[in-house]
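Undergrad: Can you read through this structure? Questions will come right after.
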Amino acid sequence: MFEDRSSRYSGNQELAFAGARILFGVIWLINTILEANNRYVGHFLTSIVKRLKDQPYVVQAFLHSVIHVVTVLGPRHVAIGTVVLDGLLAISLITGFAVRPMARLGILYSLALWATVGGLGGPYQPGATDPGTAIVYALVFLAVLSVPSEQRLAIGPASQPTGTGRIEVVRILFGLLWAFDAFWKWQPAFFEHSLPYLQQSEVGQPAWIVAYIGFFISAIRFVGPVVFGLFAAVIETVLAASLLLKRWQQWFLPIGFLYSFGIWTTAEGWGGPYLLGSTANRGDMLGTTNIYMVVYLYLMIAYLFDRRRHKRMAN
């Protein structure tokens with residue numbers, strides 16, 4: 001009887017994590033489809049060159065070396081190679097085929113994109129609000145890798161499911177990422193430019209998104225940009241503290257999920273406008289904080305099943 005319940009519990013956990021993985025795979029597939037066009041391929045090298053502006057000397061030197069390698073290999077060939085690799089990663093995430101080796105590859109690939117096309121998330125100057133897009137993609141691949149191919153619950157109060165330690169690494173790294181985000185929110189430039197950030201996200205959007213973002217712009221004007229900036233800085237600091245200290249997770253994991261959704265639909269304009277060939281945080285990347293939502297989904301699943309496991313053992 002106990003083994004049957006443990007097996008059913010384990011199966012539910014596997015199914016929940018698989019759903020999160022498939023969701024990430026669908027997002028990755030959309031990225032791939034939007035990249036698979038001549039404009040993206042033709043502007044691949046240009047997107048790296050643009051990252052040179054306002055970067056420190058060391059980063060500029062690094063990017064110049066990357067540009068040289070891409071030029072030697074052929075920008076078109078490199079760009080097509082990224083599209084093919086993106087497609088393979090999407091298929092693996094959605095189907096679960098060879099997901100563990102592909103997740104390892106996804107970590108390295110995302111970090112490579114972050115360091116090249118993403119310019120290490122920089123330039124970090126007044127007004128910056130996040131460390132770039134690809135770095136959090138790498139974190140989701142780590143979350144995918146943290147889930148074992150088969151969850152087995154051992155019998156005994158001291159036991160814990162395989163992979164718990166690895167999902168804890170994801171939690172800590174995610175907390176550090178939020179702490180980095182919070183640091184930039186406390187800068188005076190953010191308090192001064194919070195409204196322009198939202199106004200920029202309206203450009204090129206359909207009318208309903210403009211109206212949606214406009215509602216929040218009106219609300220911020222009502223309370224004042226300083227009050228809004230303080231709210232964002234405080235909540236991101238608390239979210240970081242909750243993750244790093246492993247405290248208050250029953251409240252702040254769902255709050256963080258909803259807060260990330262709020263940023264994605266306002267400051268990032270639902271990830272749009274969706275234009276073929278876009279190589280920024282929108283279009284082929286669908287934004288940034290929707291990927292934060294995927295990380296929160298993994299952590300919420302891990303937290304929920306961990307609490308249930310402890311209750312079952314206590315009984």
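Ordered as shown in the structure tokens, chains take letters A, B, and onward, while each chain numbers its residues from 1 and ligands are numbered from 1 in the order shown.
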Hey, what's within 9 Å of Pro101 (chain A) if we count only C-alpha atoms and toss same-chain stuff fewer than 4 positions away? As a PyMOL selection string, please?

TA: chain A and resi 105-106+145

Undergrad: Pull N, CA and C atoms from the residues just selected and write them as a JSON list (two decimals), in the first residue's frame.

TA:
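What ended up in result38.json:
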[["chain", "number", "residue", "atom", "x", "y", "z"],
["A", 105, "LEU", "N", 23.85, 20.80, -22.88],
["A", 105, "LEU", "CA", 24.20, 21.60, -24.04],
["A", 105, "LEU", "C", 23.48, 22.94, -24.00],
["A", 106, "GLY", "N", 22.22, 22.93, -23.58],
["A", 106, "GLY", "CA", 21.44, 24.16, -23.50],
["A", 106, "GLY", "C", 22.03, 25.17, -22.53],
["A", 145, "LEU", "N", 17.72, 19.99, -15.81],
["A", 145, "LEU", "CA", 18.73, 19.00, -15.48],
["A", 145, "LEU", "C", 18.63, 18.54, -14.03]]

Undergrad: List the neighbours of Gln200 (chain A) out to 9 Å using only C-alpha atoms; skip same-chain residues closer than 3 positions along the sequence, and give me the result as number ranges by chain.

TA: A: 195-197, 203, 267-269

Undergrad: Which of these, A:Val294, A:Val136, A:Leu29, A:Leu52, has the shortest distance to Ser65 (chain A) once you count only C-alpha atoms?

TA: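 Comparing A:Val294, A:Val136, A:Leu29, A:Leu52 against Ser65 (chain A), the winner is A:Leu52.
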
Undergrad: What lies within 12 Å of Ser201 (chain A) using only C-alpha atoms, ignoring chain neighbours under 4 positions off, as a ChimeraX atom specification?

TA: /A:194-197,205-206,209-214,216-217,263-273,281-282,287

Undergrad: Using N, CA and C atoms, can you export the residues from the last selection as a PDB file, in the first residue's frame?

TA:
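The file below, selection-v1.pdb, is the result:
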ATOM      1  N   SER A 194      11.211  55.114 -14.853  1.00  0.00           N
ATOM      2  CA  SER A 194      10.263  53.996 -14.848  1.00  0.00           C
ATOM      3  C   SER A 194       9.132  54.209 -15.860  1.00  0.00           C
ATOM      4  N   LEU A 195       8.641  55.437 -15.982  1.00  0.00           N
ATOM      5  CA  LEU A 195       7.578  55.712 -16.955  1.00  0.00           C
ATOM      6  C   LEU A 195       8.060  55.575 -18.399  1.00  0.00           C
ATOM      7  N   PRO A 196       9.228  56.133 -18.767  1.00  0.00           N
ATOM      8  CA  PRO A 196       9.717  55.933 -20.133  1.00  0.00           C
ATOM      9  C   PRO A 196       9.885  54.465 -20.511  1.00  0.00           C
ATOM     10  N   TYR A 197      10.280  53.601 -19.531  1.00  0.00           N
ATOM     11  CA  TYR A 197      10.389  52.171 -19.816  1.00  0.00           C
ATOM     12  C   TYR A 197       9.051  51.617 -20.298  1.00  0.00           C
ATOM     13  N   GLN A 205       2.914  48.131 -30.847  1.00  0.00           N
ATOM     14  CA  GLN A 205       2.026  47.118 -30.291  1.00  0.00           C
ATOM     15  C   GLN A 205       0.602  47.301 -30.816  1.00  0.00           C
ATOM     16  N   PRO A 206      -0.195  46.221 -30.800  1.00  0.00           N
ATOM     17  CA  PRO A 206      -1.611  46.352 -31.139  1.00  0.00           C
ATOM     18  C   PRO A 206      -2.343  47.205 -30.112  1.00  0.00           C
ATOM     19  N   ILE A 209      -2.905  46.023 -26.385  1.00  0.00           N
ATOM     20  CA  ILE A 209      -1.732  46.042 -25.515  1.00  0.00           C
ATOM     21  C   ILE A 209      -1.387  47.469 -25.113  1.00  0.00           C
ATOM     22  N   VAL A 210      -1.521  48.411 -26.069  1.00  0.00           N
ATOM     23  CA  VAL A 210      -1.286  49.823 -25.747  1.00  0.00           C
ATOM     24  C   VAL A 210      -2.238  50.275 -24.646  1.00  0.00           C
ATOM     25  N   ALA A 211      -3.514  49.872 -24.747  1.00  0.00           N
ATOM     26  CA  ALA A 211      -4.495  50.244 -23.728  1.00  0.00           C
ATOM     27  C   ALA A 211      -4.165  49.602 -22.386  1.00  0.00           C
ATOM     28  N   TYR A 212      -3.726  48.349 -22.426  1.00  0.00           N
ATOM     29  CA  TYR A 212      -3.370  47.616 -21.205  1.00  0.00           C
ATOM     30  C   TYR A 212      -2.196  48.295 -20.502  1.00  0.00           C
ATOM     31  N   ILE A 213      -1.129  48.579 -21.248  1.00  0.00           N
ATOM     32  CA  ILE A 213       0.037  49.236 -20.661  1.00  0.00           C
ATOM     33  C   ILE A 213      -0.324  50.652 -20.220  1.00  0.00           C
ATOM     34  N   GLY A 214      -1.170  51.319 -21.011  1.00  0.00           N
ATOM     35  CA  GLY A 214      -1.588  52.679 -20.670  1.00  0.00           C
ATOM     36  C   GLY A 214      -2.269  52.755 -19.322  1.00  0.00           C
ATOM     37  N   PHE A 216      -1.569  50.985 -16.657  1.00  0.00           N
ATOM     38  CA  PHE A 216      -0.525  50.971 -15.630  1.00  0.00           C
ATOM     39  C   PHE A 216       0.268  52.276 -15.629  1.00  0.00           C
ATOM     40  N   ILE A 217       0.453  52.866 -16.806  1.00  0.00           N
ATOM     41  CA  ILE A 217       1.121  54.160 -16.862  1.00  0.00           C
ATOM     42  C   ILE A 217       0.306  55.203 -16.099  1.00  0.00           C
ATOM     43  N   ILE A 263       5.616  42.182 -14.944  1.00  0.00           N
ATOM     44  CA  ILE A 263       6.691  42.852 -15.683  1.00  0.00           C
ATOM     45  C   ILE A 263       6.643  42.469 -17.155  1.00  0.00           C
ATOM     46  N   TRP A 264       6.434  41.171 -17.414  1.00  0.00           N
ATOM     47  CA  TRP A 264       6.435  40.697 -18.801  1.00  0.00           C
ATOM     48  C   TRP A 264       5.314  41.350 -19.611  1.00  0.00           C
ATOM     49  N   THR A 265       4.162  41.542 -19.004  1.00  0.00           N
ATOM     50  CA  THR A 265       3.021  42.093 -19.748  1.00  0.00           C
ATOM     51  C   THR A 265       3.026  43.609 -19.837  1.00  0.00           C
ATOM     52  N   THR A 266       3.869  44.269 -19.046  1.00  0.00           N
ATOM     53  CA  THR A 266       3.893  45.735 -19.067  1.00  0.00           C
ATOM     54  C   THR A 266       5.216  46.244 -19.634  1.00  0.00           C
ATOM     55  N   ALA A 267       6.287  46.190 -18.834  1.00  0.00           N
ATOM     56  CA  ALA A 267       7.583  46.715 -19.279  1.00  0.00           C
ATOM     57  C   ALA A 267       8.090  45.999 -20.522  1.00  0.00           C
ATOM     58  N   GLU A 268       7.740  44.725 -20.686  1.00  0.00           N
ATOM     59  CA  GLU A 268       8.178  43.970 -21.863  1.00  0.00           C
ATOM     60  C   GLU A 268       7.072  43.840 -22.902  1.00  0.00           C
ATOM     61  N   GLY A 269       5.922  44.436 -22.646  1.00  0.00           N
ATOM     62  CA  GLY A 269       4.856  44.462 -23.645  1.00  0.00           C
ATOM     63  C   GLY A 269       4.434  43.103 -24.157  1.00  0.00           C
ATOM     64  N   TRP A 270       4.272  42.139 -23.235  1.00  0.00           N
ATOM     65  CA  TRP A 270       3.894  40.757 -23.610  1.00  0.00           C
ATOM     66  C   TRP A 270       4.936  40.130 -24.534  1.00  0.00           C
ATOM     67  N   GLY A 271       6.167  40.636 -24.475  1.00  0.00           N
ATOM     68  CA  GLY A 271       7.229  40.099 -25.315  1.00  0.00           C
ATOM     69  C   GLY A 271       7.238  40.644 -26.719  1.00  0.00           C
ATOM     70  N   GLY A 272       6.227  41.429 -27.089  1.00  0.00           N
ATOM     71  CA  GLY A 272       6.123  41.920 -28.452  1.00  0.00           C
ATOM     72  C   GLY A 272       6.788  43.266 -28.642  1.00  0.00           C
ATOM     73  N   PRO A 273       6.660  43.870 -29.796  1.00  0.00           N
ATOM     74  CA  PRO A 273       5.907  43.344 -30.937  1.00  0.00           C
ATOM     75  C   PRO A 273       6.647  42.194 -31.615  1.00  0.00           C
ATOM     76  N   ASN A 281      15.375  41.596 -26.976  1.00  0.00           N
ATOM     77  CA  ASN A 281      14.650  40.823 -25.978  1.00  0.00           C
ATOM     78  C   ASN A 281      13.238  40.516 -26.420  1.00  0.00           C
ATOM     79  N   ARG A 282      12.817  41.111 -27.512  1.00  0.00           N
ATOM     80  CA  ARG A 282      11.467  40.858 -27.990  1.00  0.00           C
ATOM     81  C   ARG A 282      11.538  40.187 -29.355  1.00  0.00           C
ATOM     82  N   GLY A 287      10.788  38.133 -24.685  1.00  0.00           N
ATOM     83  CA  GLY A 287      10.925  38.801 -23.409  1.00  0.00           C
ATOM     84  C   GLY A 287      11.839  38.050 -22.467  1.00  0.00           C
TER      85      GLY A 287
END

Undergrad: From a backbone DSSP assignment, name each residue in region 71-270 of chain A labelled alpha helix (DSSP H), as JSON, numbers by chain.

TA: {"A": [71, 72, 73, 75, 76, 77, 78, 79, 80, 81, 82, 83, 84, 85, 86, 87, 88, 89, 90, 91, 92, 93, 94, 95, 99, 100, 101, 102, 103, 104, 105, 106, 107, 108, 109, 110, 111, 112, 113, 114, 115, 134, 135, 136, 137, 138, 139, 140, 141, 142, 143, 144, 145, 146, 164, 165, 166, 167, 168, 169, 170, 171, 172, 173, 174, 175, 176, 177, 178, 179, 180, 181, 182, 183, 184, 185, 188, 189, 190, 191, 192, 193, 194, 195, 196, 197, 198, 199, 200, 207, 208, 209, 210, 211, 212, 213, 214, 215, 216, 217, 218, 219, 220, 221, 222, 223, 225, 226, 227, 228, 229, 230, 231, 232, 233, 234, 235, 236, 237, 238, 239, 240, 241, 242, 243, 244, 245, 249, 250, 251, 252, 253, 254, 255, 256, 257, 258, 259, 260, 261, 262, 263, 264, 265]}

Undergrad: For Phe24 (chain A), find every residue with an atom within 12 Å (counting only C-alpha atoms), except residues of its own chain fewer than 2 positions away, and show them as an MDAnalysis selection string.

TA: chainID A and resid 17:22 26:31 89:96 103 106 136:141 143:144 286 290:295 297:298

Undergrad: Which of these residues is nearest to Phe191 (chain A), using only C-alpha atoms: A:Phe305, A:Trp208, A:Phe231, A:Phe222?

TA: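 Looking at the shortest contact to Phe191 (chain A), the residue is A:Phe231.
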
Undergrad: So, counting only C-alpha atoms, which residue among A:Tyr40, A:Phe180, A:Phe62, A:Trp186 is closest to Gly119 (chain A)?

TA: A:Phe62

Undergrad: Using only C-alpha atoms for the distances, tell me which of A:Leu120, A:Met300, A:Ala128, A:Leu258 is nearest to Ala189 (chain A).

TA: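 The shortest atom-to-atom distance to Ala189 (chain A) comes from A:Ala128.
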
Undergrad: Enter the distance from CA of Asp130 (chain A) to CA of Arg100 (chain A), in Å, rounded to one decimal.

TA: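 Separation between CA of Asp130 (chain A) and CA of Arg100 (chain A): 28.3 Å.
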